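**Student:** Got coords31.tsv for you, TSV, C-alpha atoms and all ligand atoms:
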```tsv
chain	number	residue	atom	x	y	z
A	1	MET	CA	-50.08	-13.14	-68.04
A	2	LEU	CA	-47.99	-10.20	-66.90
A	3	GLY	CA	-44.74	-9.52	-68.73
A	4	ASN	CA	-45.67	-11.64	-71.73
A	5	VAL	CA	-43.30	-10.82	-74.57
A	6	LYS	CA	-43.23	-14.29	-76.12
A	7	ASP	CA	-42.77	-14.16	-79.92
A	8	LYS	CA	-42.66	-10.34	-79.90
A	9	VAL	CA	-39.92	-8.53	-81.78
A	10	SER	CA	-38.07	-6.15	-79.47
A	11	LEU	CA	-35.44	-3.66	-80.60
A	12	ILE	CA	-33.17	-2.43	-77.83
A	13	THR	CA	-30.61	0.33	-78.31
A	14	GLY	CA	-27.38	0.32	-76.36
A	15	ALA	CA	-28.06	-3.39	-75.91
A	16	ALA	CA	-24.42	-4.51	-75.79
A	17	SER	CA	-23.75	-3.24	-72.25
A	18	GLY	CA	-25.26	-2.46	-68.88
A	19	LEU	CA	-29.02	-1.94	-68.67
A	20	GLY	CA	-29.63	-2.54	-72.37
A	21	LYS	CA	-27.88	-5.90	-72.24
A	22	GLY	CA	-29.79	-6.83	-69.09
A	23	ILE	CA	-33.10	-5.98	-70.78
A	24	ALA	CA	-32.17	-7.84	-73.97
A	25	THR	CA	-31.29	-10.90	-71.88
A	26	LYS	CA	-34.49	-10.74	-69.83
A	27	PHE	CA	-36.62	-10.38	-72.98
A	28	ALA	CA	-34.86	-13.30	-74.69
A	29	GLN	CA	-35.32	-15.44	-71.55
A	30	ASN	CA	-39.03	-14.71	-71.88
A	31	GLY	CA	-39.24	-15.72	-75.53
A	32	SER	CA	-38.96	-12.36	-77.31
A	33	HIS	CA	-36.94	-12.13	-80.50
A	34	VAL	CA	-34.36	-9.45	-79.91
A	35	VAL	CA	-32.65	-6.88	-82.09
A	36	VAL	CA	-29.40	-5.80	-80.45
A	37	ALA	CA	-28.58	-2.28	-81.64
A	38	ASP	CA	-25.29	-0.70	-80.59
A	39	LEU	CA	-22.32	1.29	-81.87
A	40	ASP	CA	-19.94	-1.62	-82.40
A	41	LEU	CA	-21.27	-4.38	-84.66
A	42	THR	CA	-18.81	-7.02	-83.43
A	43	ILE	CA	-19.84	-6.53	-79.81
A	44	ALA	CA	-23.54	-6.33	-80.75
A	45	LYS	CA	-23.19	-9.59	-82.74
A	46	ALA	CA	-21.52	-11.35	-79.82
A	47	THR	CA	-24.43	-10.35	-77.57
A	48	ALA	CA	-27.05	-11.36	-80.15
A	49	ASP	CA	-25.38	-14.73	-80.82
A	50	GLU	CA	-25.10	-15.48	-77.11
A	51	LEU	CA	-28.80	-14.76	-76.58
A	52	SER	CA	-30.03	-16.91	-79.45
A	53	LYS	CA	-27.75	-19.75	-78.39
A	54	GLN	CA	-28.79	-19.58	-74.75
A	55	TYR	CA	-32.52	-18.96	-75.10
A	56	GLY	CA	-33.41	-20.31	-78.56
A	57	VAL	CA	-34.92	-17.07	-79.85
A	58	SER	CA	-34.10	-15.35	-83.14
A	59	THR	CA	-31.82	-12.38	-82.80
A	60	LEU	CA	-30.33	-9.73	-85.05
A	61	ALA	CA	-27.39	-7.43	-84.42
A	62	VAL	CA	-27.41	-4.00	-86.03
A	63	GLN	CA	-24.72	-1.36	-86.00
A	64	MET	CA	-26.59	1.77	-85.01
A	65	ASP	CA	-25.44	5.16	-83.81
A	66	VAL	CA	-28.83	6.39	-82.59
A	67	SER	CA	-27.92	9.97	-83.45
A	68	SER	CA	-27.56	9.08	-87.15
A	69	GLU	CA	-30.84	9.16	-89.06
A	70	GLU	CA	-29.38	6.93	-91.80
A	71	GLN	CA	-28.11	4.30	-89.37
A	72	VAL	CA	-31.38	4.27	-87.43
A	73	GLN	CA	-33.38	3.82	-90.63
A	74	ALA	CA	-31.04	1.09	-91.85
A	75	GLY	CA	-31.37	-0.75	-88.51
A	76	ILE	CA	-35.18	-0.60	-88.56
A	77	ASP	CA	-35.24	-1.67	-92.22
A	78	ALA	CA	-33.02	-4.66	-91.39
A	79	THR	CA	-35.38	-5.52	-88.52
A	80	ILE	CA	-38.42	-5.45	-90.82
A	81	ALA	CA	-36.55	-7.43	-93.50
A	82	LYS	CA	-35.81	-10.18	-90.97
A	83	PHE	CA	-38.92	-10.21	-88.78
A	84	GLY	CA	-41.58	-8.29	-90.73
A	85	ARG	CA	-42.52	-6.21	-87.68
A	86	VAL	CA	-41.28	-4.44	-84.58
A	87	ASP	CA	-43.44	-4.70	-81.47
A	88	VAL	CA	-41.28	-3.14	-78.76
A	89	LEU	CA	-38.70	-0.38	-78.83
A	90	VAL	CA	-36.51	0.14	-75.79
A	91	SER	CA	-34.69	3.43	-76.35
A	92	ASN	CA	-31.87	2.98	-73.90
A	93	ALA	CA	-28.56	4.04	-75.48
A	94	GLY	CA	-26.88	6.78	-73.53
A	95	ILE	CA	-23.73	8.38	-72.22
A	96	GLN	CA	-22.83	10.65	-69.33
A	97	ILE	CA	-20.66	13.77	-69.47
A	98	ILE	CA	-19.96	15.61	-66.26
A	99	ALA	CA	-18.90	19.26	-65.99
A	100	PRO	CA	-20.16	22.48	-64.38
A	101	ILE	CA	-22.35	24.59	-66.70
A	102	VAL	CA	-19.74	27.34	-66.88
A	103	GLU	CA	-17.14	24.88	-68.13
A	104	PHE	CA	-19.41	22.67	-70.27
A	105	GLU	CA	-18.06	22.48	-73.81
A	106	PHE	CA	-20.80	23.21	-76.31
A	107	ALA	CA	-19.70	20.29	-78.52
A	108	LYS	CA	-20.09	17.89	-75.58
A	109	TRP	CA	-23.47	19.38	-74.65
A	110	LYS	CA	-24.67	18.82	-78.22
A	111	LYS	CA	-23.25	15.28	-78.32
A	112	LEU	CA	-25.13	14.25	-75.19
A	113	LEU	CA	-28.43	15.73	-76.39
A	114	ASP	CA	-27.87	14.17	-79.80
A	115	ILE	CA	-27.65	10.67	-78.32
A	116	HIS	CA	-30.27	10.82	-75.58
A	117	LEU	CA	-32.89	13.14	-77.03
A	118	ASN	CA	-32.40	13.06	-80.81
A	119	GLY	CA	-31.58	9.35	-80.69
A	120	THR	CA	-34.84	8.61	-78.89
A	121	PHE	CA	-36.76	10.77	-81.36
A	122	LEU	CA	-35.18	9.07	-84.40
A	123	THR	CA	-35.66	5.49	-83.17
A	124	THR	CA	-39.20	6.20	-81.96
A	125	LYS	CA	-40.18	7.87	-85.24
A	126	ALA	CA	-38.83	4.99	-87.35
A	127	CYS	CA	-40.42	2.30	-85.15
A	128	MET	CA	-43.78	4.07	-84.82
A	129	GLN	CA	-43.94	4.38	-88.62
A	130	LYS	CA	-43.62	0.60	-88.93
A	131	MET	CA	-46.01	-0.12	-86.04
A	132	ILE	CA	-48.62	2.05	-87.77
A	133	GLU	CA	-47.93	0.78	-91.29
A	134	LYS	CA	-48.11	-2.87	-90.19
A	135	LYS	CA	-51.08	-2.17	-87.85
A	136	THR	CA	-49.38	-4.13	-85.08
A	137	GLY	CA	-49.51	-1.51	-82.33
A	138	GLY	CA	-46.53	-1.49	-80.06
A	139	ARG	CA	-44.74	-0.44	-76.91
A	140	VAL	CA	-42.15	2.32	-76.69
A	141	ILE	CA	-40.08	2.24	-73.52
A	142	VAL	CA	-37.65	5.08	-72.96
A	143	MET	CA	-34.79	5.00	-70.47
A	144	GLY	CA	-35.11	8.14	-68.39
A	145	SER	CA	-33.54	8.59	-64.99
A	146	ILE	CA	-34.25	10.08	-61.61
A	147	HIS	CA	-32.66	13.00	-63.48
A	148	SER	CA	-35.91	13.14	-65.48
A	149	ILE	CA	-37.51	14.63	-62.37
A	150	GLU	CA	-34.67	16.19	-60.38
A	151	ALA	CA	-31.25	17.77	-60.93
A	152	SER	CA	-27.71	17.21	-59.72
A	153	VAL	CA	-24.70	19.48	-60.01
A	154	ASP	CA	-22.38	18.98	-62.98
A	155	LYS	CA	-24.98	17.00	-64.97
A	156	SER	CA	-26.85	19.82	-66.71
A	157	ALA	CA	-26.89	18.28	-70.20
A	158	TYR	CA	-27.99	14.89	-68.86
A	159	VAL	CA	-30.66	16.46	-66.64
A	160	ALA	CA	-31.96	18.58	-69.54
A	161	ALA	CA	-32.05	15.58	-71.89
A	162	LYS	CA	-33.72	13.26	-69.39
A	163	HIS	CA	-36.35	15.87	-68.45
A	164	ALA	CA	-37.06	16.35	-72.16
A	165	LEU	CA	-37.56	12.60	-72.58
A	166	LEU	CA	-40.28	12.63	-69.94
A	167	GLY	CA	-42.21	15.13	-72.09
A	168	PHE	CA	-41.49	13.17	-75.24
A	169	VAL	CA	-42.89	9.98	-73.71
A	170	ARG	CA	-46.14	11.81	-72.94
A	171	SER	CA	-46.25	13.03	-76.56
A	172	ILE	CA	-45.82	9.45	-77.80
A	173	ALA	CA	-48.70	8.39	-75.54
A	174	LYS	CA	-51.00	11.00	-77.11
A	175	GLU	CA	-50.03	10.35	-80.72
A	176	GLY	CA	-49.65	6.59	-80.31
A	177	ALA	CA	-53.04	6.00	-78.68
A	178	PRO	CA	-55.10	5.80	-81.90
A	179	HIS	CA	-52.65	3.16	-83.16
A	180	ASN	CA	-52.49	1.04	-80.01
A	181	ILE	CA	-48.95	2.25	-79.32
A	182	SER	CA	-48.17	2.94	-75.68
A	183	SER	CA	-45.15	4.59	-74.10
A	184	ASN	CA	-43.43	4.62	-70.74
A	185	LEU	CA	-40.42	6.18	-69.11
A	186	ILE	CA	-38.32	4.09	-66.76
A	187	ALA	CA	-36.48	6.28	-64.28
A	188	PRO	CA	-33.70	4.31	-62.58
A	189	GLY	CA	-31.74	5.43	-59.58
A	190	PHE	CA	-28.04	4.54	-59.63
A	191	VAL	CA	-27.15	1.16	-61.11
A	192	ARG	CA	-23.54	-0.07	-61.14
A	193	THR	CA	-23.04	-0.26	-64.92
A	194	PRO	CA	-19.89	0.93	-66.76
A	195	LEU	CA	-21.59	4.34	-67.15
A	196	VAL	CA	-21.83	4.76	-63.37
A	197	GLU	CA	-18.48	3.14	-62.49
A	198	LYS	CA	-16.78	5.77	-64.67
A	199	GLN	CA	-18.54	8.60	-62.83
A	200	ILE	CA	-17.36	7.64	-59.35
A	201	PRO	CA	-13.72	8.78	-59.73
A	202	GLU	CA	-14.80	11.70	-61.96
A	203	GLN	CA	-17.21	13.04	-59.37
A	204	ALA	CA	-14.76	12.46	-56.51
A	205	LYS	CA	-12.23	14.62	-58.35
A	206	SER	CA	-14.71	17.30	-59.38
A	207	LEU	CA	-16.28	17.59	-55.88
A	208	GLY	CA	-13.02	17.10	-53.93
A	209	ILE	CA	-14.33	14.13	-51.92
A	210	SER	CA	-13.43	10.42	-51.72
A	211	GLU	CA	-14.92	7.78	-54.00
A	212	ASP	CA	-16.60	6.18	-50.97
A	213	GLU	CA	-18.24	9.51	-50.18
A	214	VAL	CA	-19.50	9.81	-53.77
A	215	VAL	CA	-21.18	6.42	-53.46
A	216	LYS	CA	-22.53	6.94	-49.96
A	217	HIS	CA	-23.68	10.56	-50.16
A	218	ILE	CA	-24.08	11.52	-53.83
A	219	MET	CA	-25.38	8.27	-55.30
A	220	LEU	CA	-27.14	6.57	-52.40
A	221	GLY	CA	-27.70	9.44	-49.96
A	222	ASP	CA	-31.31	9.98	-51.01
A	223	THR	CA	-32.29	6.31	-51.10
A	224	VAL	CA	-34.33	4.98	-48.20
A	225	ASP	CA	-31.99	2.04	-47.62
A	226	GLY	CA	-28.54	2.92	-48.97
A	227	GLN	CA	-28.83	0.38	-51.79
A	228	PHE	CA	-28.03	0.46	-55.48
A	229	THR	CA	-30.76	-0.39	-57.97
A	230	THR	CA	-29.73	-3.44	-60.04
A	231	VAL	CA	-29.73	-4.24	-63.74
A	232	ASP	CA	-32.21	-7.00	-62.96
A	233	ASP	CA	-34.59	-4.54	-61.25
A	234	ILE	CA	-34.67	-2.42	-64.41
A	235	ALA	CA	-34.96	-5.42	-66.73
A	236	ASN	CA	-37.94	-6.74	-64.72
A	237	VAL	CA	-39.72	-3.40	-64.95
A	238	ALA	CA	-39.03	-3.18	-68.71
A	239	LEU	CA	-40.45	-6.70	-69.10
A	240	PHE	CA	-43.55	-5.80	-67.08
A	241	LEU	CA	-44.17	-2.68	-69.19
A	242	ALA	CA	-43.40	-4.31	-72.55
A	243	GLY	CA	-45.76	-7.17	-71.79
A	244	PHE	CA	-48.54	-5.18	-70.13
A	245	GLU	CA	-51.71	-6.19	-71.88
A	246	THR	CA	-53.60	-2.89	-72.06
A	247	ASN	CA	-52.66	0.75	-72.56
A	248	ALA	CA	-53.74	1.74	-69.04
A	249	LEU	CA	-50.19	2.67	-68.06
A	250	THR	CA	-49.34	4.69	-71.16
A	251	GLY	CA	-47.45	7.93	-70.64
A	252	GLN	CA	-46.46	7.03	-67.10
A	253	THR	CA	-43.05	7.14	-65.50
A	254	MET	CA	-41.87	4.29	-63.32
A	255	LEU	CA	-39.28	5.32	-60.72
A	256	VAL	CA	-37.02	2.39	-59.86
A	257	SER	CA	-34.72	4.01	-57.37
A	258	HIS	CA	-34.95	2.73	-53.76
A	259	GLY	CA	-36.98	5.82	-52.94
A	260	ILE	CA	-34.98	8.57	-54.66
A	261	GLY	CA	-37.43	11.16	-55.99
A	262	MET	CA	-40.56	9.55	-54.51
A	301	LIG	P1	-23.55	1.60	-70.36
A	301	LIG	O1	-22.44	2.54	-70.64
A	301	LIG	O2	-23.28	0.33	-69.64
A	301	LIG	O3	-24.29	1.21	-71.71
A	301	LIG	C1	-24.65	2.17	-72.67
A	301	LIG	C2	-24.68	1.50	-74.04
A	301	LIG	O4	-25.11	2.51	-74.98
A	301	LIG	C3	-23.30	1.02	-74.51
A	301	LIG	O5	-23.41	-0.29	-75.04
A	301	LIG	C4	-22.90	2.02	-75.57
A	301	LIG	O6	-22.10	1.49	-76.61
A	301	LIG	C5	-24.28	2.42	-76.12
A	301	LIG	N1	-24.25	3.71	-76.81
A	301	LIG	C6	-23.63	4.85	-76.43
A	301	LIG	N2	-23.79	5.79	-77.37
A	301	LIG	C7	-24.53	5.24	-78.35
A	301	LIG	C8	-25.03	5.71	-79.60
A	301	LIG	N3	-24.77	6.94	-80.04
A	301	LIG	N4	-25.78	4.86	-80.36
A	301	LIG	C9	-26.01	3.59	-79.94
A	301	LIG	N5	-25.56	3.09	-78.78
A	301	LIG	C10	-24.83	3.90	-78.00
A	301	LIG	O7	-24.63	2.49	-69.59
A	301	LIG	P2	-25.99	2.11	-68.79
A	301	LIG	O8	-25.80	2.53	-67.40
A	301	LIG	O9	-26.44	0.75	-69.11
A	301	LIG	O10	-26.97	3.18	-69.46
A	301	LIG	C11	-28.06	2.85	-70.28
A	301	LIG	C12	-29.13	3.91	-70.16
A	301	LIG	O11	-29.60	3.95	-68.82
A	301	LIG	C13	-28.66	5.33	-70.48
A	301	LIG	O12	-29.67	6.01	-71.20
A	301	LIG	C14	-28.49	5.95	-69.14
A	301	LIG	O13	-28.62	7.34	-69.15
A	301	LIG	C15	-29.61	5.28	-68.37
A	301	LIG	N6	-29.49	5.31	-66.91
A	301	LIG	C16	-28.48	4.65	-66.29
A	301	LIG	C17	-28.41	4.70	-64.91
A	301	LIG	C18	-27.33	3.99	-64.15
A	301	LIG	O14	-27.24	4.21	-62.95
A	301	LIG	N7	-26.53	3.15	-64.77
A	301	LIG	C19	-29.36	5.42	-64.18
A	301	LIG	C20	-30.36	6.08	-64.85
A	301	LIG	C21	-30.42	6.01	-66.22
```
Output the structure of this file as structure tokens.
Ligand code: NAD
**Tutor:**
Amino acid sequence: MLGNVKDKVSLITGAASGLGKGIATKFAQNGSHVVVADLDLTIAKATADELSKQYGVSTLAVQMDVSSEEQVQAGIDATIAKFGRVDVLVSNAGIQIIAPIVEFEFAKWKKLLDIHLNGTFLTTKACMQKMIEKKTGGRVIVMGSIHSIEASVDKSAYVAAKHALLGFVRSIAKEGAPHNISSNLIAPGFVRTPLVEKQIPEQAKSLGISEDEVVKHIMLGDTVDGQFTTVDDIANVALFLAGFETNALTGQTMLVSHGIGM
């Protein structure tokens, strides 16, 4: 069966909002136990409780800043203590910071790379260690972007981080193969989550155009049909990849973008 995650243990970072929450919900609907990892424990707990109540799966909420090695380790240890294994990692937590290169504050550059790139490294390392130790194999799914394969103005740190993640996913594929661990990058186009809603007025101001123009030309201009990708589109692709039965797709990027970057 495609997309079979029943009884798997899936840890999803940034799972209290947007795409991460959509993926956590989709996985729970399909019988996966879910670890909701996010910055704010109260919000993560509310998400985890809602999922177990609605779908009857076991859930765990962990407070995890993915850029903190200690917090990542503590979150994976809590996962193993509760479930004894981790089968799927969805490294999804992320932020956006927009500024031209010549005005980009170094501290903000480092913060963005710390969350997207270092956070993915830290969570992948900790999960792969357990997948190998427990001989369970596993699936590592990393949230890239169309900015993993192309650039936009004012998003240099994000573009650099997302390109780096494409390479990292290929490295996971190579090193994971002997242990039955596969990896994939999901590269969404624009999805109307809080991360994107915040960018619309910011980009309008920075580019001196209206918010409607940002949506029509900057976000959807390169799609084939002028449509946003949805949270459900991304969650369905994550489910398909997490539940894919063989490693035939390992290392591959899936563009989910209404044609952007094809
Ligand atoms: P969102 O803002 O709705 O959710 C991001 C979540 O990540 C939040 O719950 C936030 O608390 C969490 N988070 C932020 N920093 C964290 C940290 N240091 N440690 C742990 N959690 C942290 O955003 P979203 O749109 O759902 O974005 C999720 C991922 O999808 C990001 O990696 C983003 O780059 C990527 N993405 C989004 C789009 C889009 O159009 N929305 C497109 C391509 C890629």
**Student:** I'd like the box whose edges run along x, y and z of the file and which contains every listed atom of ligand LIG 301 (chain A), padded by 5 Å per side; could you state its centre and edge lengths in Å, one decimal, as AutoDock Vina command-line options?
**Tutor:**
```
--center_x -26.3 --center_y 3.5 --center_z -71.7 --size_x 18.3 --size_y 17.6 --size_z 27.4
```
**Student:** Can you tell me, as number ranges by chain, what residues are no more than 6 Å from segment 93-109 of chain A when counting all atoms listed in the file, ignoring any on the same chain fewer than 3 positions away?
**Tutor:** A: 13-14, 112, 116, 154-155, 157
**Student:** Hey, which bits of chain A sit within 7 Å of ligand LIG 301 (chain A), and for each residue what's the closest pair of atoms and how far apart in Å (one decimal), counting all atoms listed in the file, rows by chain and increasing number, as JSON lines?
**Tutor:**
```
{"residue": "A:Thr13", "atom": "CA", "partner": "A:LIG301", "partner_atom": "N5", "distance": 5.8}
{"residue": "A:Gly14", "atom": "CA", "partner": "A:LIG301", "partner_atom": "O4", "distance": 3.4}
{"residue": "A:Ala15", "atom": "CA", "partner": "A:LIG301", "partner_atom": "O5", "distance": 5.7}
{"residue": "A:Ala16", "atom": "CA", "partner": "A:LIG301", "partner_atom": "O5", "distance": 4.4}
{"residue": "A:Ser17", "atom": "CA", "partner": "A:LIG301", "partner_atom": "O5", "distance": 4.1}
{"residue": "A:Gly18", "atom": "CA", "partner": "A:LIG301", "partner_atom": "O9", "distance": 3.4}
{"residue": "A:Leu19", "atom": "CA", "partner": "A:LIG301", "partner_atom": "O9", "distance": 3.8}
{"residue": "A:Gly20", "atom": "CA", "partner": "A:LIG301", "partner_atom": "O9", "distance": 5.6}
{"residue": "A:Ala37", "atom": "CA", "partner": "A:LIG301", "partner_atom": "C9", "distance": 6.6}
{"residue": "A:Asp38", "atom": "CA", "partner": "A:LIG301", "partner_atom": "N5", "distance": 4.2}
{"residue": "A:Leu39", "atom": "CA", "partner": "A:LIG301", "partner_atom": "C9", "distance": 4.8}
{"residue": "A:Asp40", "atom": "CA", "partner": "A:LIG301", "partner_atom": "O6", "distance": 6.9}
{"residue": "A:Met64", "atom": "CA", "partner": "A:LIG301", "partner_atom": "C9", "distance": 5.4}
{"residue": "A:Asp65", "atom": "CA", "partner": "A:LIG301", "partner_atom": "N4", "distance": 3.5}
{"residue": "A:Val66", "atom": "CA", "partner": "A:LIG301", "partner_atom": "N4", "distance": 4.1}
{"residue": "A:Ser67", "atom": "CA", "partner": "A:LIG301", "partner_atom": "N3", "distance": 5.5}
{"residue": "A:Asn92", "atom": "CA", "partner": "A:LIG301", "partner_atom": "O12", "distance": 4.6}
{"residue": "A:Ala93", "atom": "CA", "partner": "A:LIG301", "partner_atom": "O4", "distance": 3.8}
{"residue": "A:Gly94", "atom": "CA", "partner": "A:LIG301", "partner_atom": "O12", "distance": 3.7}
{"residue": "A:Ile95", "atom": "CA", "partner": "A:LIG301", "partner_atom": "C6", "distance": 5.5}
{"residue": "A:Gln96", "atom": "CA", "partner": "A:LIG301", "partner_atom": "O13", "distance": 6.7}
{"residue": "A:Ile115", "atom": "CA", "partner": "A:LIG301", "partner_atom": "N3", "distance": 5.0}
{"residue": "A:His116", "atom": "CA", "partner": "A:LIG301", "partner_atom": "O12", "distance": 6.5}
{"residue": "A:Met143", "atom": "CA", "partner": "A:LIG301", "partner_atom": "O12", "distance": 5.3}
{"residue": "A:Gly144", "atom": "CA", "partner": "A:LIG301", "partner_atom": "C21", "distance": 5.6}
{"residue": "A:Ser145", "atom": "CA", "partner": "A:LIG301", "partner_atom": "C20", "distance": 4.1}
{"residue": "A:Ile146", "atom": "CA", "partner": "A:LIG301", "partner_atom": "C20", "distance": 6.5}
{"residue": "A:Ala187", "atom": "CA", "partner": "A:LIG301", "partner_atom": "C20", "distance": 6.1}
{"residue": "A:Pro188", "atom": "CA", "partner": "A:LIG301", "partner_atom": "C20", "distance": 4.4}
{"residue": "A:Gly189", "atom": "CA", "partner": "A:LIG301", "partner_atom": "C19", "distance": 5.2}
{"residue": "A:Phe190", "atom": "CA", "partner": "A:LIG301", "partner_atom": "O14", "distance": 3.4}
{"residue": "A:Val191", "atom": "CA", "partner": "A:LIG301", "partner_atom": "O14", "distance": 3.6}
{"residue": "A:Arg192", "atom": "CA", "partner": "A:LIG301", "partner_atom": "N7", "distance": 5.7}
{"residue": "A:Thr193", "atom": "CA", "partner": "A:LIG301", "partner_atom": "O8", "distance": 4.6}
{"residue": "A:Pro194", "atom": "CA", "partner": "A:LIG301", "partner_atom": "O2", "distance": 4.5}
{"residue": "A:Leu195", "atom": "CA", "partner": "A:LIG301", "partner_atom": "O1", "distance": 4.0}
{"residue": "A:Val196", "atom": "CA", "partner": "A:LIG301", "partner_atom": "N7", "distance": 5.2}
```
**Student:** Can you tell me how far atom CA of Gly119 of chain A sits from atom CA of Met131 of chain A, in Å to one decimal?
**Tutor:**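 Distance between the two atoms: 18.1 Å.
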**Student:** Do you know which residues are at most 12 Å from Lys174 of chain A counting all atoms listed in the file, after dropping those on the same chain fewer than 3 positions away, and could you put them as a list in words?
**Tutor:**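 Once the nearby chain positions are removed, what remains is Gly167, Phe168, Val169, Arg170, Ser171, Ala177, Pro178, His179, Asn180, Ile181, Ser182, Ser183, Asn184, Asn247, Thr250, Gly251 and Gln252 of chain A.
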